[in-house]
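Here the structure is laid out as structure tokens; the discussion comes afterwards.
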Amino acid sequence: MAHNQDAASQSPDRKTRMLAPDAEGINVAAALLRAGSLVAFPTETVYGLGADARDDAAVAGIYAAKARPSFNPLIVHLPDLDAVRTIAQVGPAAEALAAAFWPGPLTLVLPVTPASGLSRLVTAGLETVAVRVPAAPLAQELLRAAAIPVAAPSANPSGRISPTHAAHVMQGLEGRIDAVLDGGACAVGVESTILDVTGPPMLLRPGGLPAEVLEAALGAPLARLPDHQPDRPSAPGQLTSHYAPNARLRLNAQAPRTGETLLGFGPVEGAVLNLSRNADLVEATANLFAMLHKLDTPEVTTIAVSPIPDHGLGTAINDRLTRAAAPRA
């Protein structure tokens, strides 16, 4: 398969093109993906760093550009359920969830089909593959134009704050990737919810679709992973330290201490930025990574974060903040 020999390199003089969200930009991005290049593009959750999921060299380029551990599998993005069936075995539970929530911020872990053609780097050697059908119109147009399965983790250096604007992608990956398709701000603002449906549905990562909504649709509670998981993930977003700014985070802060910068939630005093003054979890989720990026400056050494309710989308926010606050390697 053709691929860009430069895909796995991190040359400092590599030019990263900014592409407009029009027909020309989409066609250029699709051609780059088919040629084995790395293209960042917006979904409704965050910007993904896309590559041809069948091309070993292109997928290796994702890991190289992000400095991502090779044991951490990738999500494959496809335009619809029919396309998913070409790479994964879709059972009854997955069919029902897909009918209810795709396209949307839900990733399903499914058995990979023997004839999928996927690079083993995508699945990190597992016999399962994480798949998603994104809802963002620009992502849909790109996937249909490219007509290939696109592996796409978040378009940021591994472990750092996820990108919700094209500028965030450029801050972290300019000179390491080939292009960014600029679709403005991502509407949801945190990554997709991940369910393993190879057995009884299990929540692997909370995200943009609340677990309570999924449980209501399934008519049963989701299984949960044990609290203490080794850093050998079965799906993306499970590493202990992730989503981190340079500053340290202190969570559930009622007020900032001396030298701390307060990231507020609700009607709190003294916040430099506030995720949602009205305590709206949808607004807070959309603002989370963008505000962490704004506070990621040399002047800010510790970010104190107001308490976030641990239900609905608040569960996803707390998951990201807990990983951002974890001890780092």
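Ordering of the structure tokens sets the chain letters (A, B, ...), residue numbers begin anew at 1 in every chain, and ligands are numbered from 1 in the order given.
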Write out as an MDAnalysis selection string each polymer residue whose atoms come within 9 Å of Leu142 of chain A, counting only C-alpha atoms; drop sequence neighbours fewer than 3 positions from it. chainID A and resid 26:27 29:30 41 79 137:139 145:147
If we count only C-alpha atoms, what is near segment 297-310 of chain A at a cut-off of 7 Å, once residues fewer than 6 positions away on the same chain are taken out, given as a list in words? Ala247, Arg248, Leu249, Arg250, Leu251, Asn252, Ala253, Gln254, Pro256, Glu260, Thr261, Leu262, Leu263, Gly264, Phe265 and Asn318 of chain A
Could you pull the residues within 8 Å of Pro21 of chain A, counting only C-alpha atoms, minus those fewer than 6 positions along the same chain, as a PDB file with N, CA and C atoms, in the first residue's frame?
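out_27.pdb, written as the output of this step:
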ATOM      1  N   LEU A 138     -18.339  17.833   9.344  1.00  0.00           N
ATOM      2  CA  LEU A 138     -17.055  17.889   8.639  1.00  0.00           C
ATOM      3  C   LEU A 138     -16.330  16.541   8.715  1.00  0.00           C
ATOM      4  N   LEU A 181      -7.375  20.106   9.324  1.00  0.00           N
ATOM      5  CA  LEU A 181      -8.632  20.572   8.738  1.00  0.00           C
ATOM      6  C   LEU A 181      -9.343  21.386   9.806  1.00  0.00           C
ATOM      7  N   ASP A 182      -9.448  22.689   9.599  1.00  0.00           N
ATOM      8  CA  ASP A 182      -9.934  23.606  10.634  1.00  0.00           C
ATOM      9  C   ASP A 182     -11.453  23.709  10.588  1.00  0.00           C
ATOM     10  N   GLY A 183     -12.110  23.084  11.561  1.00  0.00           N
ATOM     11  CA  GLY A 183     -13.563  23.148  11.639  1.00  0.00           C
ATOM     12  C   GLY A 183     -14.072  23.937  12.824  1.00  0.00           C
TER      13      GLY A 183
END
Check which residues of segment 31-67 of chain A sit at most 6 Å from segment 104-121 of chain A using only C-alpha atoms, and return one row each with the closest pair of atoms and their distance in Å to one decimal, ordered by chain and rising number, as a tab-separated table.
residue	atom	partner	partner_atom	distance
A:Ala53	CA	A:Leu118	CA	5.6
A:Arg54	CA	A:Leu118	CA	4.3
A:Asp56	CA	A:Ser119	CA	5.4
How about saving the chosen residues, N, CA, C and O atoms kept, as a tab-separated table (two decimals), in the first residue's frame?
chain	number	residue	atom	x	y	z
A	53	ALA	N	-5.98	3.51	8.61
A	53	ALA	CA	-5.88	2.46	9.63
A	53	ALA	C	-5.35	1.15	9.07
A	53	ALA	O	-5.05	0.23	9.83
A	54	ARG	N	-5.20	1.05	7.74
A	54	ARG	CA	-4.68	-0.18	7.13
A	54	ARG	C	-3.19	-0.09	6.81
A	54	ARG	O	-2.58	-1.08	6.40
A	56	ASP	N	0.55	0.39	7.91
A	56	ASP	CA	1.43	0.30	9.08
A	56	ASP	C	2.27	1.56	9.27
A	56	ASP	O	2.41	2.06	10.39
What residues in segment 107-290 of chain A get the DSSP label strand (DSSP E or B)? Please answer as a PyMOL selection string. chain A and resi 107-112+128-132+150-151+154+160+179-181+193-196+202-205+223-224+244+248-250+260-264+273-274
Write a file of the selected residues as a CSV table (one decimal), in the first residue's frame, keeping C-alpha atoms.
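Ended up saving to selection27.csv:
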chain,number,residue,atom,x,y,z
A,107,THR,CA,-17.1,4.2,20.8
A,108,LEU,CA,-17.7,0.5,20.8
A,109,VAL,CA,-15.1,-2.2,21.3
A,110,LEU,CA,-15.9,-5.1,19.1
A,111,PRO,CA,-14.2,-8.3,17.8
A,112,VAL,CA,-12.1,-7.5,14.8
A,128,THR,CA,-10.7,-6.3,19.4
A,129,VAL,CA,-11.0,-2.9,17.7
A,130,ALA,CA,-12.5,0.3,19.0
A,131,VAL,CA,-14.8,1.9,16.4
A,132,ARG,CA,-16.8,5.1,16.2
A,150,VAL,CA,-9.3,6.3,9.7
A,151,ALA,CA,-7.5,5.6,12.9
A,154,SER,CA,-6.8,12.9,20.0
A,160,ARG,CA,-1.2,16.3,27.3
A,179,ALA,CA,-2.3,19.0,7.8
A,180,VAL,CA,-5.1,20.3,10.0
A,181,LEU,CA,-8.6,20.6,8.7
A,193,THR,CA,-17.7,7.3,25.9
A,194,ILE,CA,-16.1,3.8,25.3
A,195,LEU,CA,-18.1,0.6,25.8
A,196,ASP,CA,-16.8,-2.9,25.5
A,202,MET,CA,-18.8,-2.6,30.1
A,203,LEU,CA,-17.9,1.1,30.5
A,204,LEU,CA,-14.2,1.5,29.7
A,205,ARG,CA,-14.1,5.3,29.6
A,223,ALA,CA,-20.4,-3.2,34.1
A,224,ARG,CA,-17.4,-1.2,35.4
A,244,ALA,CA,-2.3,17.0,31.7
A,248,ARG,CA,-0.2,20.7,38.8
A,249,LEU,CA,-3.9,20.3,39.5
A,250,ARG,CA,-5.7,20.3,42.9
A,260,GLU,CA,-3.0,28.9,42.9
A,261,THR,CA,-5.1,29.8,39.9
A,262,LEU,CA,-8.8,28.9,40.4
A,263,LEU,CA,-10.7,27.1,37.6
A,264,GLY,CA,-14.3,27.6,38.8
A,273,LEU,CA,-11.8,31.1,34.4
A,274,ASN,CA,-15.2,29.4,35.1
Go through A:Val213, A:Ala60, A:Val282, A:Ala155 and flag the residue nearest Val46 of chain A, using only C-alpha atoms for the distances.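 Closest to Val46 of chain A, using only C-alpha atoms: A:Ala155.
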Could you check how far atom CA of His311 of chain A sits from atom CA of Ala324 of chain A, in Å to one decimal?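 Separating atom CA of His311 of chain A from atom CA of Ala324 of chain A is a distance of 18.9 Å.
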Extract the full set of alpha helix (DSSP H) residues from segment 15-217 of chain A according to DSSP on the backbone, and format it as number ranges by chain. A: 23-34, 56-66, 81-85, 92-101, 120-123, 137-146, 166-173, 211-217
With C-alpha atoms kept, could you save the residues just selected as a PDB file, in the first residue's frame?
ATOM      1  CA  ALA A  23     -14.871  21.158  -0.532  1.00  0.00           C
ATOM      2  CA  GLU A  24     -11.272  21.826  -1.560  1.00  0.00           C
ATOM      3  CA  GLY A  25      -9.964  21.422   1.993  1.00  0.00           C
ATOM      4  CA  ILE A  26     -11.915  18.193   2.482  1.00  0.00           C
ATOM      5  CA  ASN A  27     -10.662  16.760  -0.821  1.00  0.00           C
ATOM      6  CA  VAL A  28      -7.045  17.655  -0.026  1.00  0.00           C
ATOM      7  CA  ALA A  29      -7.357  16.140   3.462  1.00  0.00           C
ATOM      8  CA  ALA A  30      -8.908  12.960   2.037  1.00  0.00           C
ATOM      9  CA  ALA A  31      -6.147  12.623  -0.570  1.00  0.00           C
ATOM     10  CA  LEU A  32      -3.481  13.090   2.103  1.00  0.00           C
ATOM     11  CA  LEU A  33      -5.051  10.373   4.250  1.00  0.00           C
ATOM     12  CA  ARG A  34      -5.184   7.955   1.318  1.00  0.00           C
ATOM     13  CA  ASP A  56       1.428   0.298   9.084  1.00  0.00           C
ATOM     14  CA  ALA A  57       3.740   3.214   8.302  1.00  0.00           C
ATOM     15  CA  ALA A  58       0.945   5.796   8.550  1.00  0.00           C
ATOM     16  CA  VAL A  59      -0.276   4.396  11.873  1.00  0.00           C
ATOM     17  CA  ALA A  60       3.304   4.289  13.163  1.00  0.00           C
ATOM     18  CA  GLY A  61       3.417   7.969  12.238  1.00  0.00           C
ATOM     19  CA  ILE A  62       0.567   8.677  14.676  1.00  0.00           C
ATOM     20  CA  TYR A  63       2.455   7.036  17.520  1.00  0.00           C
ATOM     21  CA  ALA A  64       5.655   8.886  16.577  1.00  0.00           C
ATOM     22  CA  ALA A  65       4.031  12.312  16.211  1.00  0.00           C
ATOM     23  CA  LYS A  66       2.222  11.979  19.549  1.00  0.00           C
ATOM     24  CA  LEU A  81     -22.578   1.123  10.545  1.00  0.00           C
ATOM     25  CA  ASP A  82     -22.199  -0.604   7.172  1.00  0.00           C
ATOM     26  CA  ALA A  83     -18.580   0.539   7.046  1.00  0.00           C
ATOM     27  CA  VAL A  84     -18.053  -0.673  10.630  1.00  0.00           C
ATOM     28  CA  ARG A  85     -19.245  -4.147   9.603  1.00  0.00           C
ATOM     29  CA  PRO A  92     -27.083  -7.585  18.826  1.00  0.00           C
ATOM     30  CA  ALA A  93     -26.050  -5.254  21.674  1.00  0.00           C
ATOM     31  CA  ALA A  94     -23.820  -3.255  19.352  1.00  0.00           C
ATOM     32  CA  GLU A  95     -26.589  -3.091  16.726  1.00  0.00           C
ATOM     33  CA  ALA A  96     -29.004  -1.654  19.290  1.00  0.00           C
ATOM     34  CA  LEU A  97     -26.494   0.878  20.607  1.00  0.00           C
ATOM     35  CA  ALA A  98     -25.506   1.926  17.089  1.00  0.00           C
ATOM     36  CA  ALA A  99     -29.158   2.456  16.143  1.00  0.00           C
ATOM     37  CA  ALA A 100     -29.692   4.626  19.213  1.00  0.00           C
ATOM     38  CA  PHE A 101     -26.460   6.634  19.416  1.00  0.00           C
ATOM     39  CA  ARG A 120      -1.938  -4.530  14.048  1.00  0.00           C
ATOM     40  CA  LEU A 121      -0.627  -1.238  15.446  1.00  0.00           C
ATOM     41  CA  VAL A 122      -4.214   0.078  15.536  1.00  0.00           C
ATOM     42  CA  THR A 123      -5.397  -2.691  17.859  1.00  0.00           C
ATOM     43  CA  PRO A 137     -20.640  17.066   9.612  1.00  0.00           C
ATOM     44  CA  LEU A 138     -17.055  17.889   8.639  1.00  0.00           C
ATOM     45  CA  ALA A 139     -15.803  14.557   9.995  1.00  0.00           C
ATOM     46  CA  GLN A 140     -18.557  12.763   8.101  1.00  0.00           C
ATOM     47  CA  GLU A 141     -17.674  14.531   4.851  1.00  0.00           C
ATOM     48  CA  LEU A 142     -13.984  13.722   5.288  1.00  0.00           C
ATOM     49  CA  LEU A 143     -14.582  10.038   6.063  1.00  0.00           C
ATOM     50  CA  ARG A 144     -16.850   9.645   3.050  1.00  0.00           C
ATOM     51  CA  ALA A 145     -14.383  11.447   0.777  1.00  0.00           C
ATOM     52  CA  ALA A 146     -11.428   9.399   2.039  1.00  0.00           C
ATOM     53  CA  ALA A 166      -7.335  23.819  15.451  1.00  0.00           C
ATOM     54  CA  ALA A 167      -4.949  26.197  17.242  1.00  0.00           C
ATOM     55  CA  HIS A 168      -4.564  23.634  20.057  1.00  0.00           C
ATOM     56  CA  VAL A 169      -3.487  21.046  17.478  1.00  0.00           C
ATOM     57  CA  MET A 170      -0.903  23.403  16.011  1.00  0.00           C
ATOM     58  CA  GLN A 171       0.460  24.258  19.471  1.00  0.00           C
ATOM     59  CA  GLY A 172       1.242  20.620  20.132  1.00  0.00           C
ATOM     60  CA  LEU A 173       1.907  19.041  16.730  1.00  0.00           C
ATOM     61  CA  ALA A 211     -23.450   6.417  31.286  1.00  0.00           C
ATOM     62  CA  GLU A 212     -26.943   7.006  32.677  1.00  0.00           C
ATOM     63  CA  VAL A 213     -28.275   7.559  29.144  1.00  0.00           C
ATOM     64  CA  LEU A 214     -26.681   4.326  27.954  1.00  0.00           C
ATOM     65  CA  GLU A 215     -28.034   2.379  30.936  1.00  0.00           C
ATOM     66  CA  ALA A 216     -31.525   3.708  30.286  1.00  0.00           C
ATOM     67  CA  ALA A 217     -31.310   2.565  26.657  1.00  0.00           C
TER      68      ALA A 217
END
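The smallest atom-to-atom distance between Thr43 of chain A and any of A:Asn246, A:Thr198, A:Thr258, A:Thr164, using only C-alpha atoms, is found for A:Thr164.
Nearest to Gly175 of chain A of all the residues A:Leu222, A:Asp52, A:Ala325, A:Val39 is A:Val39, counting only C-alpha atoms.
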For Ser192 of chain A, which residue out of A:Arg17, A:Arg323, A:Arg68, A:His77 is the nearest one, using only C-alpha atoms?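 Of the candidates, the smallest distance to Ser192 of chain A is held by A:His77.
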Residue among A:Ala40, A:Pro103, A:Gln89, A:Leu218 lying closest to Arg176 of chain A, counting only C-alpha atoms: A:Ala40
